[in-house]
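Only one structure is covered here, and it is reproduced in the block below.
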Amino acid sequence: NIDFNVEDDGWHYRKLGKKVWHITEKNEADALRFLVTRPKDKPFFLNVAFFATHAKDGDVRQYMPQNSSMGMYAEDVIPNPKTATEEAWRRMPYFFNEKNEGRARWHWRFDNYTKRQTMMKNYYRMATEVDSACGAILEELRRQDALDNTVIIFTTDNGNFHSEHGLADKWYPHQESIRVPLIIRDPRMMYEQRGTTNDAMTLNIDLAPTILGFAGVPMPDKMMGRDISPLYLSPESPSSSNWRKEFFYEHPIISQKSYIPSSEALVRKDYKYMYWPDYGYEQLFDLVNDPGEMEDIINSTDPHVANTKKEMKTRFDWLKSLVKSDGKVTL
């Protein structure tokens with residue numbers, strides 16, 4: 001049972017009662033209302049899923065910050081990513097064309113300098129508003145003397161193309177789309193570890209096991225993912241020994257393959273093997289030497305690359321068969 005549930009989605013401004021709300025303002029107010037009214041003698045779980053920085057589909061403005069934020073970044077120049085070039089777009093697989101939704105949204109947001117500056121500044125204004133709302137939530141926990149007895153997880157559900165590869169939004173296995181922030185504030189963490197970073201591969205499927213671990217609840221036998229907390233609580237981090245070194249990625253087709261084709265990948269820190277099932281199309285990228293994923297080396301005759309491709313393809317096929325079975329996945 002859920003004791004407190006408020007759902008707001010798909011809008012940036014809306015009149016509710018006598019007040020015109022911005023959705024981030026509303027998200028913050030609902031979170032604070034929960035914290036203020038919750039029973040103080042019981043444990044609690046609060047999930048605040050900000051709608052920002054999602055664009056408002058169907059509105060040419062796309063990103064609409066609060067009026068009070070419009071002065072932010074006004075004098076700044078937002079740089080173009082290195083791969084925001086026509087050349088990068090031409091290097092996408094042959095089936096990426098103007099019918100692709102990622103390309104259509106690129107035109108909505110980024111196909112000229114002035115438009116991109118406006119869109120990105122408004123995007124960052126909305127992100128800063130989320131940051132401010134998170135600060136208000138933390139301050140309320142501090143006011144209740146609960147901050148040092150509460151685990152905070154900050155993350156999101158996907159990355160975003162901001163004109164890299166001539167695209168906008170998400171859906172595809174490139175770094176811009178699949179990498180997300182993950183920040184954990186855990187009172188159990190040793191002081192010298194606070195504020196440090198860890199480059200171990202963590203996934204969204206790890207969040208549920210980690211939260212269950214916080215609560216002392218065993219994870220169900222067939223639940224995917226792993227408890228992240230040993231990465232920062234154990235004296236010897238498992239990231240260098242038995243933590244995952246790779247993961248299987250998949251995203252389904254949406255509507256039709258010309259609109260958003262399905263995609264799959266085997267992702268490692270050094271190489272990424274991509275597969276586009278609707279077209280039977282393979283790609284391989286050297287992430288160390290080509291972090292922008294510009295040079296597809298799938299047809300390279302270099303013996304090392306050829307061996308890497310063969311090994312990764314075999315591993316990819318095995319992981320795909322495992323994920324699509326009833327077997328337990330503990331990578």
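Just so we're on the same page: first chain in the structure tokens is A, next is B, and so on; residues restart at 1 for each chain, and ligands are numbered from 1 in the order they show up.
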- Please provide the set of residues having any atom within 12 Å of Asn299 (chain A), restricted to only C-alpha atoms, with same-chain residues fewer than 2 positions apart removed, written as a PyMOL selection string. chain A and resi 281-285+295-297+301-303+305-310
- strand (DSSP E or B) call set, DSSP backbone run, region 24-184 of chain A, as a list in words: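 Filtering region 24-184 of chain A down to strand (DSSP E or B) leaves Ile152, Ile153, Phe154, Thr155, Phe161, His162, Ala168, Asp169, Leu182, Ile183 and Ile184 of chain A.
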Using N, CA and C atoms, can you write the selected residues to a file as a short mmCIF file (atom, residue, chain, number, x, y, z; two decimals), in the first residue's frame?
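That gives us result.cif:
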data_model
loop_
_atom_site.label_atom_id
_atom_site.label_comp_id
_atom_site.auth_asym_id
_atom_site.auth_seq_id
_atom_site.Cartn_x
_atom_site.Cartn_y
_atom_site.Cartn_z
N ILE A 152 20.18 9.04 0.96
CA ILE A 152 19.72 9.83 -0.18
C ILE A 152 20.33 9.24 -1.46
N ILE A 153 19.49 8.95 -2.44
CA ILE A 153 19.97 8.51 -3.76
C ILE A 153 19.49 9.52 -4.79
N PHE A 154 20.41 10.08 -5.57
CA PHE A 154 20.05 10.98 -6.66
C PHE A 154 20.48 10.33 -7.96
N THR A 155 19.51 10.10 -8.85
CA THR A 155 19.82 9.52 -10.16
C THR A 155 18.71 9.89 -11.12
N PHE A 161 20.76 13.13 -25.70
CA PHE A 161 21.54 13.73 -26.78
C PHE A 161 21.22 15.22 -26.81
N HIS A 162 22.26 16.05 -26.74
CA HIS A 162 22.09 17.49 -26.88
C HIS A 162 22.75 17.95 -28.17
N ALA A 168 18.66 14.34 -30.86
CA ALA A 168 18.14 14.86 -29.60
C ALA A 168 17.41 13.74 -28.89
N ASP A 169 17.26 13.89 -27.59
CA ASP A 169 16.53 12.97 -26.71
C ASP A 169 17.36 11.74 -26.36
N LEU A 182 24.73 9.22 -10.64
CA LEU A 182 24.34 8.46 -9.45
C LEU A 182 25.13 9.02 -8.28
N ILE A 183 24.42 9.65 -7.37
CA ILE A 183 25.02 10.22 -6.16
C ILE A 183 24.32 9.62 -4.96
N ILE A 184 25.10 9.09 -4.02
CA ILE A 184 24.53 8.47 -2.82
C ILE A 184 25.10 9.15 -1.59
#
- Item | DSSP-assigned alpha helix (DSSP H) among region 37-199 of chain A, expressed as number ranges by chain | A: 37, 86-90, 101-110, 113-143, 175-178
Dump as a compact mmCIF listing (two decimals), in the first residue's frame, selection limited to C-alpha atoms:
# COMPACT_ATOMS: atom_id res chain seq x y z
CA THR A 37 2.99 15.19 7.61
CA GLU A 86 27.14 17.00 -39.83
CA GLU A 87 29.98 14.51 -40.19
CA ALA A 88 28.90 12.70 -37.01
CA TRP A 89 25.33 12.51 -38.31
CA ARG A 90 26.50 11.07 -41.64
CA GLU A 101 12.44 10.74 -34.12
CA GLY A 102 15.82 11.58 -32.62
CA ARG A 103 16.63 13.52 -35.78
CA ALA A 104 13.20 15.19 -35.83
CA ARG A 105 13.72 16.43 -32.28
CA TRP A 106 17.19 17.66 -33.22
CA HIS A 107 15.48 19.92 -35.73
CA TRP A 108 13.01 21.07 -33.04
CA ARG A 109 15.81 22.07 -30.66
CA PHE A 110 19.27 22.32 -32.15
CA TYR A 113 22.93 28.34 -33.22
CA THR A 114 20.30 30.66 -31.73
CA LYS A 115 17.80 27.88 -31.20
CA ARG A 116 20.37 25.64 -29.50
CA GLN A 117 21.50 28.41 -27.16
CA THR A 118 17.90 29.10 -26.13
CA MET A 119 17.04 25.43 -25.65
CA MET A 120 20.16 24.53 -23.69
CA LYS A 121 19.97 27.56 -21.41
CA ASN A 122 16.35 26.75 -20.58
CA TYR A 123 17.29 23.11 -20.09
CA TYR A 124 20.02 24.05 -17.62
CA ARG A 125 17.68 26.48 -15.86
CA MET A 126 15.24 23.63 -15.30
CA ALA A 127 18.06 21.38 -14.08
CA THR A 128 19.12 24.08 -11.64
CA GLU A 129 15.54 24.30 -10.39
CA VAL A 130 15.61 20.57 -9.66
CA ASP A 131 18.88 21.09 -7.80
CA SER A 132 17.25 23.82 -5.71
CA ALA A 133 14.26 21.59 -4.94
CA CYS A 134 16.60 18.80 -3.80
CA GLY A 135 18.30 21.31 -1.52
CA ALA A 136 14.94 22.24 0.03
CA ILE A 137 14.16 18.57 0.66
CA LEU A 138 17.54 18.02 2.32
CA GLU A 139 17.05 21.13 4.42
CA GLU A 140 13.69 19.85 5.65
CA LEU A 141 15.30 16.55 6.65
CA ARG A 142 17.98 18.53 8.48
CA ARG A 143 15.32 20.62 10.22
CA GLN A 175 27.20 7.12 -24.14
CA GLU A 176 25.18 10.34 -24.09
CA SER A 177 21.95 8.35 -23.91
CA ILE A 178 22.81 5.55 -21.49
- Message: What's the separation between CA of Ala265 (chain A) and CA of His251 (chain A), in Å to one decimal place?
- Response: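 Atom-to-atom, CA of Ala265 (chain A) and CA of His251 (chain A) are spaced 9.3 Å apart.
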- Message: One decimal, in Å: what's the spacing between CA of Trp243 (chain A) and CA of Leu231 (chain A)?
- Response: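 One can read the CA of Trp243 (chain A) to CA of Leu231 (chain A) distance as 8.7 Å.
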- Show which residues sit within 12 Å of Lys40 (chain A), as a PyMOL selection string. Count only C-alpha atoms, and ignore same-chain residues fewer than 6 positions away. chain A and resi 34+141+144-146
- Query: Do you know which residues are at most 8 Å from Val288 (chain A) counting only C-alpha atoms, after dropping those on the same chain fewer than 3 positions away, and could you put them as a list in words?
  - Reply: Lys269, Asp270, Tyr271 and Pro291 of chain A
- Message: Please compute the CA of Met92 (chain A)-CA of His165 (chain A) distance, one decimal, in Å.
- Response: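 Interatomic distance here is 7.2 Å.
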- Considering only C-alpha atoms, state which residue in the set A:Asn67, A:Glu250, A:Lys56, A:Gly159 is at the smallest distance from Lys324 (chain A). A:Glu250
- Message: Taking 5 positions as the minimum chain separation for residues in the same chain, which residues sit within 12 Å of region 192-203 of chain A when counting only C-alpha atoms? Answer as JSON, numbers by chain.
- Response: {"A": [155, 156, 157, 158, 178, 179, 180, 181, 182, 183, 184, 185, 186, 187, 208, 209, 210, 224, 225, 226, 227, 228, 229, 230, 231, 232, 233, 234, 235, 237, 238, 239, 240, 241, 242, 243, 244, 245, 246, 247, 248, 249, 267, 268, 269, 330, 331]}
- Task: Counting only C-alpha atoms, figure out which residue out of A:Glu164, A:Asp9, A:Asp221, A:Asp41 gets nearest to Asp57 (chain A).
- Result: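 Comparing A:Glu164, A:Asp9, A:Asp221, A:Asp41 against Asp57 (chain A), the winner is A:Asp9.
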